[in-house]
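Participant: Structure provided below as structure tokens; questions to follow.
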Number of protein chains: 2
Amino acid sequence: MTDPLPMGATIGILGGGQLGRMLSVAASRLGFRSHIFEPSANPPAAHVADRVTTAAYDDLAALAAFAASVDVVTYEFENIPTAALDVLEATHPIRPNRRALAVSQDRIAEKDFLTSLGLTTAPYAAVQTLDDLRQAIARIGTPAILKTTRLGYDGKGQARLHSPADAEVALAAMQGAPAVLEGFIDFSHEVSVIAARGADGSVACYDPGENVHKDGILATTTIPARLSPGQRTDAILLAARILNALDYVGVMGVELFVTSSGLIVNEIAPRVHNSGHWTQNGCAVDQFEQHIRAVAGWPLGDGSRHSDVVMENLIGDDILRVPAIAKERNAALHLYGKAEARPGRKMGHVNRIVG
Amino acid sequence: MTDPLPMGATIGILGGGQLGRMLSVAASRLGFRSHIFEPSANPPAAHVADRVTTAAYDDLAALAAFAASVDVVTYEFENIPTAALDVLEATHPIRPNRRALAVSQDRIAEKDFLTSLGLTTAPYAAVQTLDDLRQAIARIGTPAILKTTRLGYDGKGQARLHSPADAEVALAAMQGAPAVLEGFIDFSHEVSVIAARGADGSVACYDPGENVHKDGILATTTIPARLSPGQRTDAILLAARILNALDYVGVMGVELFVTSSGLIVNEIAPRVHNSGHWTQNGCAVDQFEQHIRAVAGWPLGDGSRHSDVVMENLIGDDILRVPAIAKERNAALHLYGKAEARPGRKMGHVNRIVG
């Protein structure tokens, strides 16, 4: 697939959450239709999709029918089963590609990959046994955090080690799954680069945003981030290096810790990213359209920004503040159409244009 | 209906063209669903709607079922049959209201209404017979234009009179329909005000844009328009007067001629308007969301602008320029997903951010 998709083509999107919803809207702006594949009923993306398939990711017949109805396959989350990818890729390109998925699905593979590029991550060590863990602690020290290497455990599978004495309890929390011990980083703040790479190999990055988390969930992203010109350039070049190394096509979120000794890569996400939502009200081409442009083989937007923005996530009961936010000047609401507000659930976000 | 619609409510939209499409997307941003009623198959709005009813406007059972499934009814075009409105209004509010529709469906009713507010229109006279027309010519002079009073004649029903001798031919072109003779206006340029009025009676206007037409179709809108501060204030106050007089709820497009002796009202449209498309990339709350906010009883956005914009319509074969436009810096594409490009057909638009 080298030619740009013609208008009227259908973008297949795995996952019907808020990211799929905003991808679907962006696809429509370029004249494309979207077909959402999502196991749960009435997902947010269904409200603005041309077509929806409700089926599980192990329903290979449904996946094959989905693939037959679309022109390209992309996704809003990285934890897609391998068998599903096999079925889809038999007939269609998957963008971003499977290497990007494989790397980001496994914490050790991700850190090995980043390290191989000469980038810095937190110190880490693979852990399967108590003996592994004790050796890892001896090398990395405490405090540290033990995590299962694979995602998709519903937030479970993490344990903090305050001292070496916590080793046995922490390992038990992994329930036998392969794990990785990560050292703590002394960082001043976290920033992220929303980077895109087109099918032609061109790369475009948005200016880095500064992220603040609360209870482990992104709370706000502020553009521009507090970075020196040199740090900003470093961040963007580093992101571009990751995308090129993966022969990546699409948008990626690259989370970075800012430390006195340089930028440390926290995590990469092979998809549009919560910390890129500000682009909807700061740029002519937002991250969702940028991703659709990339996977459709269109030219990328250049990432330039017309306005400074502070993005605030609306989580759980924050949704009750919507009537007040709706009265604010220069505040752009983006709600996800979720019926029920649960603690920790992302219900929407607001982009405040600040300059 | 006085309380704001809750999130998750359904906005019923009559008409599935590009305006319905962009209204549907805006509704989703506020957490609403949309249900489109449209006679033709596969309309642009269907690609981003939660639900679509494909039925004719004289299918009263389909209209009643549509009404039963939604929380409020609005529309993207003004030429809705009275019987359809009767069925819908039996159970649901129609916003904007029927008086606004009645006024804008009939050129004489519109001009009588505007004149009654003390506003200036082109000179006009009702014409049914040749005798009427001769008297009208004697008063208004030539050149002039004879138009059927009702819209919906597929662009037919207009005839120019270069001299009084053209009277008989012009009247014949009306095919017996009631008509209105309009005098020509000597104007320097056309501007439009996109004005909104909320359910609480508050009014918010966007800064006027300057419109250029080509072959009778809007070609570009440039923000800001060439207007003195006094003219700008006049334009906005005039629009607000129209909305208040109609107890209007929603967005209206008010087209004005700028002349040496003041502003002359050309036409009003009780809906979102092509000349307001620039707001998508110039404002935190665009005209589509503003309309949804109004009909849902939400607070209006204030109409403030973060960027200057030039909007260009992509008509017919202009769609072939999309690959080049996609490479432009600070150009935001909005394509309508129409399968076939015909001459004069609006295929999309581009908002160029210019400052």
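Ordering of the structure tokens sets the chain letters (A, B, ...); residue numbers start at 1 within each chain; ligands are numbered from 1 in the order shown.
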Leaving out stretch 12-29 of chain B and any residue of its chain fewer than 6 positions from it, which residues lie within 7 Å of it when counting only C-alpha atoms, given as a PyMOL selection string?

Facilitator: (chain A and resi 25+333-335) or (chain B and resi 35-38+43-46+48-49+70+72-77+288-289+292+336)

Participant: Those residues you just picked out, can you put them in a file as a compact mmCIF listing (two decimals), in the first residue's frame with N, CA, C and O atoms?

Facilitator:
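File written: selection.txt
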# COMPACT_ATOMS: atom_id res chain seq x y z
N VAL A 25 -14.06 11.03 14.05
CA VAL A 25 -14.42 12.39 13.66
C VAL A 25 -13.36 12.98 12.73
O VAL A 25 -13.67 13.61 11.71
N LEU A 333 -14.82 22.23 25.19
CA LEU A 333 -15.18 20.95 25.80
C LEU A 333 -15.13 19.82 24.79
O LEU A 333 -15.50 20.00 23.62
N HIS A 334 -14.70 18.66 25.26
CA HIS A 334 -14.72 17.45 24.44
C HIS A 334 -15.19 16.32 25.34
O HIS A 334 -14.41 15.81 26.14
N LEU A 335 -16.44 15.98 25.24
CA LEU A 335 -17.02 14.94 26.10
C LEU A 335 -17.16 13.65 25.31
O LEU A 335 -17.31 13.66 24.10
N HIS B 35 -29.60 12.08 15.76
CA HIS B 35 -30.45 11.26 14.91
C HIS B 35 -30.82 12.12 13.70
O HIS B 35 -31.44 13.17 13.85
N ILE B 36 -30.40 11.65 12.53
CA ILE B 36 -30.58 12.41 11.28
C ILE B 36 -31.83 11.91 10.57
O ILE B 36 -32.02 10.70 10.42
N PHE B 37 -32.67 12.84 10.11
CA PHE B 37 -33.81 12.50 9.25
C PHE B 37 -33.51 13.05 7.87
O PHE B 37 -33.34 14.26 7.69
N GLU B 38 -33.48 12.16 6.88
CA GLU B 38 -33.05 12.60 5.54
C GLU B 38 -33.67 11.68 4.49
O GLU B 38 -33.58 10.46 4.61
N PRO B 43 -26.48 9.98 3.05
CA PRO B 43 -26.14 11.41 3.09
C PRO B 43 -24.86 11.63 3.88
O PRO B 43 -24.46 10.79 4.69
N PRO B 44 -24.20 12.77 3.67
CA PRO B 44 -22.95 13.07 4.38
C PRO B 44 -23.05 12.93 5.90
O PRO B 44 -22.11 12.44 6.53
N ALA B 45 -24.17 13.33 6.48
CA ALA B 45 -24.27 13.29 7.94
C ALA B 45 -24.31 11.87 8.48
O ALA B 45 -23.99 11.63 9.65
N ALA B 46 -24.71 10.91 7.66
CA ALA B 46 -24.86 9.53 8.14
C ALA B 46 -23.53 8.94 8.60
O ALA B 46 -23.50 8.07 9.46
N VAL B 48 -21.33 10.16 10.43
CA VAL B 48 -20.95 10.56 11.80
C VAL B 48 -22.18 10.72 12.70
O VAL B 48 -22.14 11.46 13.68
N ALA B 49 -23.25 10.02 12.36
CA ALA B 49 -24.47 10.11 13.16
C ALA B 49 -24.66 8.85 13.98
O ALA B 49 -24.24 7.77 13.58
N VAL B 70 -36.07 11.36 19.92
CA VAL B 70 -35.13 12.46 20.15
C VAL B 70 -35.63 13.35 21.30
O VAL B 70 -36.77 13.22 21.75
N VAL B 72 -34.90 16.94 21.23
CA VAL B 72 -35.21 18.25 20.65
C VAL B 72 -35.01 18.10 19.14
O VAL B 72 -34.24 17.26 18.70
N VAL B 73 -35.75 18.90 18.38
CA VAL B 73 -35.65 18.85 16.92
C VAL B 73 -35.05 20.15 16.41
O VAL B 73 -35.49 21.24 16.79
N THR B 74 -34.03 20.03 15.55
CA THR B 74 -33.52 21.19 14.84
C THR B 74 -33.36 20.82 13.37
O THR B 74 -33.78 19.72 12.97
N TYR B 75 -32.79 21.69 12.57
CA TYR B 75 -32.77 21.44 11.13
C TYR B 75 -31.58 22.14 10.49
O TYR B 75 -31.03 23.09 11.05
N GLU B 76 -31.21 21.64 9.32
CA GLU B 76 -30.07 22.24 8.61
C GLU B 76 -30.52 23.03 7.40
O GLU B 76 -29.69 23.59 6.70
N PHE B 77 -31.83 23.07 7.13
CA PHE B 77 -32.32 23.83 5.97
C PHE B 77 -33.73 24.30 6.29
O PHE B 77 -34.42 23.74 7.14
N PHE B 288 -21.31 25.45 14.85
CA PHE B 288 -22.08 24.21 14.95
C PHE B 288 -22.33 23.87 16.42
O PHE B 288 -23.45 23.54 16.82
N GLU B 289 -21.27 23.95 17.21
CA GLU B 289 -21.45 23.72 18.65
C GLU B 289 -22.32 24.81 19.26
O GLU B 289 -23.14 24.53 20.14
N ILE B 292 -25.83 23.83 18.65
CA ILE B 292 -26.23 22.71 19.53
C ILE B 292 -26.39 23.20 20.96
O ILE B 292 -27.36 22.84 21.66
N TYR B 336 -16.73 16.65 2.90
CA TYR B 336 -18.10 16.26 3.24
C TYR B 336 -18.44 14.80 2.92
O TYR B 336 -19.57 14.37 3.15

Participant: Would you give me, as JSON, numbers by chain, the residues of chain B that come within 9 Å of chain A, using only C-alpha atoms?

Facilitator: {"B": [7, 8, 24, 25, 28, 29, 30, 31, 32, 33, 34, 46, 47, 48, 49, 50, 51, 281, 283, 284, 285, 298, 299, 300, 301, 302, 303, 304, 305, 306, 307, 323, 326, 327, 328, 329, 330, 331, 332, 333, 334, 335, 336, 337, 338, 339, 348, 351, 352, 353, 355]}

Participant: Check stretch 52-147 of chain A with DSSP on the backbone and list each residue it calls helix (DSSP H, G or I), as a VMD selection string.

Facilitator: chain A and resid 60 to 68 82 to 89 98 to 105 107 to 116 130 to 140

Participant: Deliver the residues from the most recent selection as a file, using N, CA and C atoms, as a compact mmCIF listing (two decimals), in the first residue's frame.

Facilitator:
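Wrote it out as result_7.txt, contents follow:
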# COMPACT_ATOMS: atom_id res chain seq x y z
N LEU A 60 -12.57 -14.65 15.27
CA LEU A 60 -11.74 -14.46 14.06
C LEU A 60 -12.58 -14.27 12.81
N ALA A 61 -13.78 -14.84 12.80
CA ALA A 61 -14.67 -14.63 11.64
C ALA A 61 -15.11 -13.17 11.58
N ALA A 62 -15.47 -12.62 12.74
CA ALA A 62 -15.87 -11.21 12.77
C ALA A 62 -14.71 -10.31 12.36
N LEU A 63 -13.51 -10.66 12.80
CA LEU A 63 -12.33 -9.88 12.42
C LEU A 63 -12.09 -9.93 10.91
N ALA A 64 -12.27 -11.11 10.34
CA ALA A 64 -12.05 -11.25 8.89
C ALA A 64 -13.08 -10.44 8.11
N ALA A 65 -14.33 -10.46 8.58
CA ALA A 65 -15.37 -9.68 7.90
C ALA A 65 -15.09 -8.19 8.04
N PHE A 66 -14.65 -7.80 9.23
CA PHE A 66 -14.26 -6.40 9.46
C PHE A 66 -13.16 -5.99 8.49
N ALA A 67 -12.12 -6.81 8.41
CA ALA A 67 -10.99 -6.49 7.54
C ALA A 67 -11.44 -6.36 6.08
N ALA A 68 -12.37 -7.23 5.69
CA ALA A 68 -12.83 -7.20 4.29
C ALA A 68 -13.57 -5.91 3.96
N THR A 82 -2.37 -11.37 19.45
CA THR A 82 -1.60 -11.72 18.25
C THR A 82 -2.44 -12.42 17.20
N ALA A 83 -3.34 -13.30 17.64
CA ALA A 83 -4.15 -14.05 16.66
C ALA A 83 -5.04 -13.09 15.87
N ALA A 84 -5.53 -12.07 16.54
CA ALA A 84 -6.36 -11.07 15.84
C ALA A 84 -5.54 -10.36 14.78
N LEU A 85 -4.31 -9.99 15.15
CA LEU A 85 -3.45 -9.29 14.20
C LEU A 85 -3.13 -10.17 13.00
N ASP A 86 -2.94 -11.48 13.25
CA ASP A 86 -2.66 -12.40 12.15
C ASP A 86 -3.79 -12.39 11.12
N VAL A 87 -5.02 -12.45 11.62
CA VAL A 87 -6.18 -12.46 10.71
C VAL A 87 -6.24 -11.16 9.91
N LEU A 88 -6.09 -10.05 10.61
CA LEU A 88 -6.21 -8.75 9.94
C LEU A 88 -5.10 -8.55 8.91
N GLU A 89 -3.89 -8.91 9.30
CA GLU A 89 -2.74 -8.62 8.44
C GLU A 89 -2.68 -9.53 7.22
N ARG A 98 3.29 -4.02 13.27
CA ARG A 98 3.28 -4.96 14.38
C ARG A 98 4.55 -4.88 15.23
N ARG A 99 5.62 -4.41 14.65
CA ARG A 99 6.82 -4.29 15.47
C ARG A 99 6.60 -3.24 16.55
N ALA A 100 5.94 -2.15 16.17
CA ALA A 100 5.65 -1.10 17.16
C ALA A 100 4.75 -1.66 18.26
N LEU A 101 3.79 -2.48 17.87
CA LEU A 101 2.91 -3.10 18.86
C LEU A 101 3.69 -4.05 19.76
N ALA A 102 4.51 -4.89 19.16
CA ALA A 102 5.26 -5.88 19.93
C ALA A 102 6.16 -5.20 20.96
N VAL A 103 6.83 -4.14 20.53
CA VAL A 103 7.75 -3.43 21.42
C VAL A 103 6.98 -2.80 22.58
N SER A 104 5.83 -2.22 22.29
CA SER A 104 5.14 -1.47 23.34
C SER A 104 4.28 -2.38 24.22
N GLN A 105 4.06 -3.62 23.78
CA GLN A 105 3.28 -4.53 24.62
C GLN A 105 4.10 -5.16 25.73
N ARG A 107 7.24 -4.55 28.46
CA ARG A 107 8.09 -3.52 29.06
C ARG A 107 9.59 -3.79 28.84
N ILE A 108 9.96 -5.05 28.83
CA ILE A 108 11.39 -5.34 28.64
C ILE A 108 11.78 -5.14 27.19
N ALA A 109 10.93 -5.61 26.28
CA ALA A 109 11.22 -5.40 24.86
C ALA A 109 11.32 -3.90 24.57
N GLU A 110 10.44 -3.11 25.18
CA GLU A 110 10.43 -1.66 24.96
C GLU A 110 11.73 -1.04 25.44
N LYS A 111 12.13 -1.42 26.67
CA LYS A 111 13.35 -0.81 27.22
C LYS A 111 14.59 -1.30 26.47
N ASP A 112 14.60 -2.58 26.08
CA ASP A 112 15.73 -3.08 25.28
C ASP A 112 15.83 -2.31 23.96
N PHE A 113 14.69 -2.10 23.33
CA PHE A 113 14.66 -1.38 22.06
C PHE A 113 15.18 0.04 22.23
N LEU A 114 14.67 0.73 23.24
CA LEU A 114 15.08 2.13 23.46
C LEU A 114 16.57 2.22 23.77
N THR A 115 17.02 1.29 24.59
CA THR A 115 18.44 1.29 24.95
C THR A 115 19.31 1.03 23.72
N SER A 116 18.81 0.15 22.85
CA SER A 116 19.59 -0.18 21.63
C SER A 116 19.75 1.04 20.73
N LEU A 130 12.73 -15.28 42.63
CA LEU A 130 13.17 -14.47 43.77
C LEU A 130 14.67 -14.19 43.67
N ASP A 131 15.39 -15.14 43.14
CA ASP A 131 16.82 -14.94 42.98
C ASP A 131 17.10 -13.80 41.99
N ASP A 132 16.34 -13.82 40.84
CA ASP A 132 16.46 -12.71 39.87
C ASP A 132 16.21 -11.38 40.59
N LEU A 133 15.15 -11.35 41.39
CA LEU A 133 14.75 -10.10 42.01
C LEU A 133 15.82 -9.60 42.96
N ARG A 134 16.39 -10.52 43.73
CA ARG A 134 17.43 -10.10 44.69
C ARG A 134 18.65 -9.54 43.96
N GLN A 135 19.02 -10.18 42.85
CA GLN A 135 20.14 -9.66 42.05
C GLN A 135 19.83 -8.29 41.47
N ALA A 136 18.57 -8.17 41.02
CA ALA A 136 18.15 -6.88 40.43
C ALA A 136 18.21 -5.78 41.48
N ILE A 137 17.74 -6.08 42.69
CA ILE A 137 17.76 -5.08 43.76
C ILE A 137 19.20 -4.69 44.08
N ALA A 138 20.08 -5.68 44.08
CA ALA A 138 21.48 -5.40 44.38
C ALA A 138 22.05 -4.42 43.37
N ARG A 139 21.59 -4.53 42.10
CA ARG A 139 22.14 -3.66 41.06
C ARG A 139 21.44 -2.29 41.02
N ILE A 140 20.10 -2.33 41.13
CA ILE A 140 19.31 -1.10 40.91
C ILE A 140 19.06 -0.35 42.21

Participant: Once DSSP has gone over the backbone, tell me which residues of stretch 65-306 of chain A are in strand (DSSP E or B), as a count of residues only.

Facilitator: 69

Participant: Could you jot down the atom CA of A:Glu190 to atom CA of A:Val212 separation for me, Å, one decimal place?

Facilitator: 7.2 Å

Participant: Stretch 170-175 of chain B: which residues within 12 Å, counting only C-alpha atoms, same-chain residues fewer than 2 positions away excluded, as a count of residues only?

Facilitator: 36

Participant: Can you list, as number ranges by chain, every protein, DNA or RNA residue that comes within 12 Å of A:Arg226 when you count only C-alpha atoms, leaving out same-chain residues fewer than 6 positions away?

Facilitator: A: 188-192, 207-211, 232, 257-258
